[in-house]
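What follows is a set of notes on a single structure, which appears directly below.
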Amino acid sequence: MKLAEIQKEYEEIYHSALSDHCKAIKYANLMTVMEGIYKVPMLKNKEWEKENKAVIAMYRKLSRSRTFD
């Protein structure tokens with residue numbers, strides 16, 4: 001899955017009528033997909049982040065968009 005596809009799916013979820021809880025689950029699923037495809041490290045890795053700026057930006061956007069009630 002390309003980063004543009006992940007962005008598109010994010011936008012669809014964001015603008016959907018789903019509950020915040022359902023959105024959070026879908027965002028988390030996208031994060032898991034990104035972890036597998038882009039090998040997002042579990043711990044902060046400045047060197048990896050420097051080499052993958054667009055990936056980490058999208059990953060953090062997904063993370064920040066989740067709400068926990």
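By order of appearance in the structure tokens: chains A, B, ..., then residues from 1 within every chain, and ligands from 1 in the order shown.
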
Legend entry - Contacts of Thr67 (chain A) at 10 Å (only C-alpha atoms; same-chain gap of 5+ positions) as JSON, numbers by chain: {"A": [20, 21, 22, 23, 24, 25, 27]}

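Counting only C-alpha atoms, Ile37 (chain A) has the following residues at most 10 Å away, ignoring those fewer than 5 positions along the same chain: Met1, Lys2, Leu3, Met31 and Thr32 of chain A.
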
Keeping only N, CA and C atoms, write the selected residues as an mmCIF file, in the first residue's frame.
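Final output, selection14.cif:
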```
data_model
loop_
_atom_site.group_PDB
_atom_site.id
_atom_site.type_symbol
_atom_site.label_atom_id
_atom_site.label_comp_id
_atom_site.auth_asym_id
_atom_site.auth_seq_id
_atom_site.Cartn_x
_atom_site.Cartn_y
_atom_site.Cartn_z
ATOM 1 N N MET A 1 0.856 -1.182 0.000
ATOM 2 C CA MET A 1 0.000 0.000 0.000
ATOM 3 C C MET A 1 0.896 1.237 0.000
ATOM 4 N N LYS A 2 0.661 2.107 -0.954
ATOM 5 C CA LYS A 2 1.462 3.319 -1.064
ATOM 6 C C LYS A 2 1.008 4.358 -0.041
ATOM 7 N N LEU A 3 1.901 5.272 0.244
ATOM 8 C CA LEU A 3 1.606 6.332 1.207
ATOM 9 C C LEU A 3 0.394 7.157 0.760
ATOM 10 N N MET A 31 -2.096 2.201 11.025
ATOM 11 C CA MET A 31 -0.768 2.298 11.630
ATOM 12 C C MET A 31 -0.070 0.938 11.586
ATOM 13 N N THR A 32 -0.818 -0.118 11.864
ATOM 14 C CA THR A 32 -0.258 -1.472 11.829
ATOM 15 C C THR A 32 0.191 -1.828 10.412
#
```

Can you pull out the residues contacting Lys61 (chain A)? Cut-off 12 Å, using only C-alpha atoms, and skip same-chain residues under 6 positions away; I want them as a PDB file with C-alpha atoms, in the first residue's frame.
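The resulting around29.pdb:
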```
ATOM      1  CA  ILE A   6      -2.941   5.472   3.176  1.00  0.00           C
ATOM      2  CA  GLN A   7      -3.548   9.235   3.033  1.00  0.00           C
ATOM      3  CA  TYR A  10      -7.234   8.409   6.270  1.00  0.00           C
ATOM      4  CA  GLU A  11      -9.293  11.168   4.634  1.00  0.00           C
ATOM      5  CA  TYR A  14     -11.768  11.290   8.923  1.00  0.00           C
ATOM      6  CA  ALA A  24      -9.671   5.150  16.292  1.00  0.00           C
ATOM      7  CA  TYR A  27      -6.556   4.556  12.328  1.00  0.00           C
ATOM      8  CA  ALA A  28      -4.785   1.964  14.492  1.00  0.00           C
ATOM      9  CA  LEU A  30      -3.655   1.734   9.222  1.00  0.00           C
ATOM     10  CA  MET A  31      -0.768   2.298  11.630  1.00  0.00           C
ATOM     11  CA  ALA A  54       6.777  11.480   4.855  1.00  0.00           C
ATOM     12  CA  VAL A  55       6.153   8.075   6.409  1.00  0.00           C
TER      13      VAL A  55
END
```

Find the residues around Glu35 (chain A) up to 12 Å (only C-alpha atoms counted), leave out those fewer than 6 positions away in its own chain, and share them as a PDB file with C-alpha atoms, in the first residue's frame.
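Listed below is the output, part-v4.pdb:
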```
ATOM      1  CA  MET A   1       0.000   0.000   0.000  1.00  0.00           C
ATOM      2  CA  ALA A  28      -4.785   1.964  14.492  1.00  0.00           C
ATOM      3  CA  ASN A  29      -5.233  -0.632  11.745  1.00  0.00           C
ATOM      4  CA  PRO A  41      10.495   1.298  14.513  1.00  0.00           C
ATOM      5  CA  MET A  42       8.816   0.729  17.878  1.00  0.00           C
ATOM      6  CA  LEU A  43      11.164   3.168  19.564  1.00  0.00           C
ATOM      7  CA  VAL A  55       6.153   8.075   6.409  1.00  0.00           C
ATOM      8  CA  ILE A  56       6.664   9.228   9.996  1.00  0.00           C
ATOM      9  CA  MET A  58       1.633  10.189   8.190  1.00  0.00           C
ATOM     10  CA  TYR A  59       2.150   7.708  11.018  1.00  0.00           C
ATOM     11  CA  ARG A  60       2.063  10.482  13.614  1.00  0.00           C
TER      12      ARG A  60
END
```

Inset, instruction - Once DSSP has gone over the backbone, tell me which residues of chain A are in alpha helix (DSSP H), as a PyMOL selection string. - result: chain A and resi 3-14+20-38+46-51+53-65

Please save N, CA and C atoms of the selected residues as a compact mmCIF listing (two decimals), in the first residue's frame.
```txt
# COMPACT_ATOMS: atom_id res chain seq x y z
N LEU A 3 1.90 5.27 0.24
CA LEU A 3 1.61 6.33 1.21
C LEU A 3 0.39 7.16 0.76
N ALA A 4 0.27 7.40 -0.52
CA ALA A 4 -0.88 8.16 -1.05
C ALA A 4 -2.19 7.42 -0.79
N GLU A 5 -2.16 6.10 -0.86
CA GLU A 5 -3.36 5.29 -0.59
C GLU A 5 -3.72 5.36 0.89
N ILE A 6 -2.70 5.36 1.74
CA ILE A 6 -2.94 5.47 3.18
C ILE A 6 -3.55 6.84 3.48
N GLN A 7 -3.02 7.88 2.85
CA GLN A 7 -3.55 9.24 3.03
C GLN A 7 -5.01 9.29 2.59
N LYS A 8 -5.32 8.69 1.46
CA LYS A 8 -6.69 8.68 0.94
C LYS A 8 -7.62 7.97 1.92
N GLU A 9 -7.18 6.83 2.42
CA GLU A 9 -8.00 6.07 3.37
C GLU A 9 -8.20 6.87 4.66
N TYR A 10 -7.13 7.55 5.09
CA TYR A 10 -7.23 8.41 6.27
C TYR A 10 -8.33 9.46 6.07
N GLU A 11 -8.31 10.12 4.92
CA GLU A 11 -9.29 11.17 4.63
C GLU A 11 -10.71 10.61 4.62
N GLU A 12 -10.88 9.42 4.06
CA GLU A 12 -12.20 8.79 4.03
C GLU A 12 -12.70 8.50 5.44
N ILE A 13 -11.81 8.01 6.28
CA ILE A 13 -12.18 7.72 7.68
C ILE A 13 -12.50 9.03 8.40
N TYR A 14 -11.63 10.01 8.23
CA TYR A 14 -11.77 11.29 8.92
C TYR A 14 -13.11 11.95 8.61
N ASP A 20 -16.19 8.09 16.95
CA ASP A 20 -14.77 8.31 17.24
C ASP A 20 -14.07 7.00 17.58
N HIS A 21 -14.78 6.11 18.27
CA HIS A 21 -14.20 4.82 18.64
C HIS A 21 -13.88 3.99 17.40
N CYS A 22 -14.81 3.93 16.45
CA CYS A 22 -14.58 3.18 15.21
C CYS A 22 -13.45 3.81 14.40
N LYS A 23 -13.41 5.13 14.36
CA LYS A 23 -12.33 5.81 13.65
C LYS A 23 -10.99 5.46 14.28
N ALA A 24 -10.92 5.46 15.60
CA ALA A 24 -9.67 5.15 16.29
C ALA A 24 -9.18 3.75 15.93
N ILE A 25 -10.11 2.81 15.84
CA ILE A 25 -9.74 1.44 15.47
C ILE A 25 -9.20 1.39 14.05
N LYS A 26 -9.86 2.09 13.14
CA LYS A 26 -9.42 2.10 11.74
C LYS A 26 -8.06 2.80 11.60
N TYR A 27 -7.86 3.88 12.35
CA TYR A 27 -6.56 4.56 12.33
C TYR A 27 -5.47 3.62 12.85
N ALA A 28 -5.76 2.91 13.93
CA ALA A 28 -4.79 1.96 14.49
C ALA A 28 -4.46 0.86 13.49
N ASN A 29 -5.47 0.40 12.76
CA ASN A 29 -5.23 -0.63 11.75
C ASN A 29 -4.32 -0.10 10.64
N LEU A 30 -4.54 1.14 10.23
CA LEU A 30 -3.66 1.73 9.22
C LEU A 30 -2.23 1.86 9.76
N MET A 31 -2.10 2.20 11.02
CA MET A 31 -0.77 2.30 11.63
C MET A 31 -0.07 0.94 11.59
N THR A 32 -0.82 -0.12 11.86
CA THR A 32 -0.26 -1.47 11.83
C THR A 32 0.19 -1.83 10.41
N VAL A 33 -0.60 -1.45 9.43
CA VAL A 33 -0.23 -1.68 8.03
C VAL A 33 1.08 -0.95 7.73
N MET A 34 1.17 0.30 8.15
CA MET A 34 2.39 1.08 7.92
C MET A 34 3.60 0.45 8.60
N GLU A 35 3.41 -0.05 9.81
CA GLU A 35 4.52 -0.69 10.53
C GLU A 35 5.08 -1.86 9.74
N GLY A 36 4.18 -2.62 9.12
CA GLY A 36 4.62 -3.77 8.34
C GLY A 36 5.29 -3.38 7.04
N ILE A 37 4.70 -2.43 6.33
CA ILE A 37 5.22 -2.04 5.01
C ILE A 37 6.51 -1.23 5.13
N TYR A 38 6.49 -0.25 6.02
CA TYR A 38 7.60 0.71 6.08
C TYR A 38 8.57 0.44 7.23
N LYS A 46 15.90 8.53 15.32
CA LYS A 46 16.10 9.77 14.57
C LYS A 46 16.64 9.54 13.17
N GLU A 47 17.53 8.59 13.03
CA GLU A 47 18.11 8.31 11.71
C GLU A 47 17.03 7.78 10.76
N TRP A 48 16.21 6.82 11.22
CA TRP A 48 15.14 6.29 10.39
C TRP A 48 14.14 7.39 10.03
N GLU A 49 13.79 8.21 11.02
CA GLU A 49 12.84 9.29 10.79
C GLU A 49 13.35 10.30 9.77
N LYS A 50 14.66 10.57 9.83
CA LYS A 50 15.27 11.50 8.88
C LYS A 50 15.17 10.96 7.45
N GLU A 51 15.31 9.66 7.30
CA GLU A 51 15.27 9.02 5.99
C GLU A 51 13.83 8.75 5.51
N LYS A 53 10.79 10.83 6.27
CA LYS A 53 10.02 11.96 6.80
C LYS A 53 8.53 11.87 6.48
N ALA A 54 8.19 11.55 5.25
CA ALA A 54 6.78 11.48 4.86
C ALA A 54 6.06 10.34 5.57
N VAL A 55 6.75 9.24 5.74
CA VAL A 55 6.15 8.07 6.41
C VAL A 55 5.87 8.40 7.87
N ILE A 56 6.86 8.94 8.57
CA ILE A 56 6.66 9.23 10.00
C ILE A 56 5.64 10.33 10.20
N ALA A 57 5.56 11.27 9.27
CA ALA A 57 4.56 12.33 9.37
C ALA A 57 3.15 11.74 9.27
N MET A 58 2.94 10.83 8.33
CA MET A 58 1.63 10.19 8.19
C MET A 58 1.33 9.32 9.39
N TYR A 59 2.31 8.60 9.87
CA TYR A 59 2.15 7.71 11.02
C TYR A 59 1.74 8.51 12.26
N ARG A 60 2.39 9.63 12.46
CA ARG A 60 2.06 10.48 13.61
C ARG A 60 0.70 11.14 13.45
N LYS A 61 0.34 11.48 12.23
CA LYS A 61 -0.98 12.05 11.96
C LYS A 61 -2.07 11.05 12.34
N LEU A 62 -1.87 9.81 11.97
CA LEU A 62 -2.82 8.76 12.34
C LEU A 62 -2.87 8.62 13.87
N SER A 63 -1.72 8.60 14.50
CA SER A 63 -1.65 8.46 15.94
C SER A 63 -2.38 9.59 16.67
N ARG A 64 -2.15 10.82 16.22
CA ARG A 64 -2.78 11.98 16.86
C ARG A 64 -4.27 12.04 16.61
N SER A 65 -4.72 11.43 15.54
CA SER A 65 -6.15 11.50 15.19
C SER A 65 -7.00 10.55 16.04
```
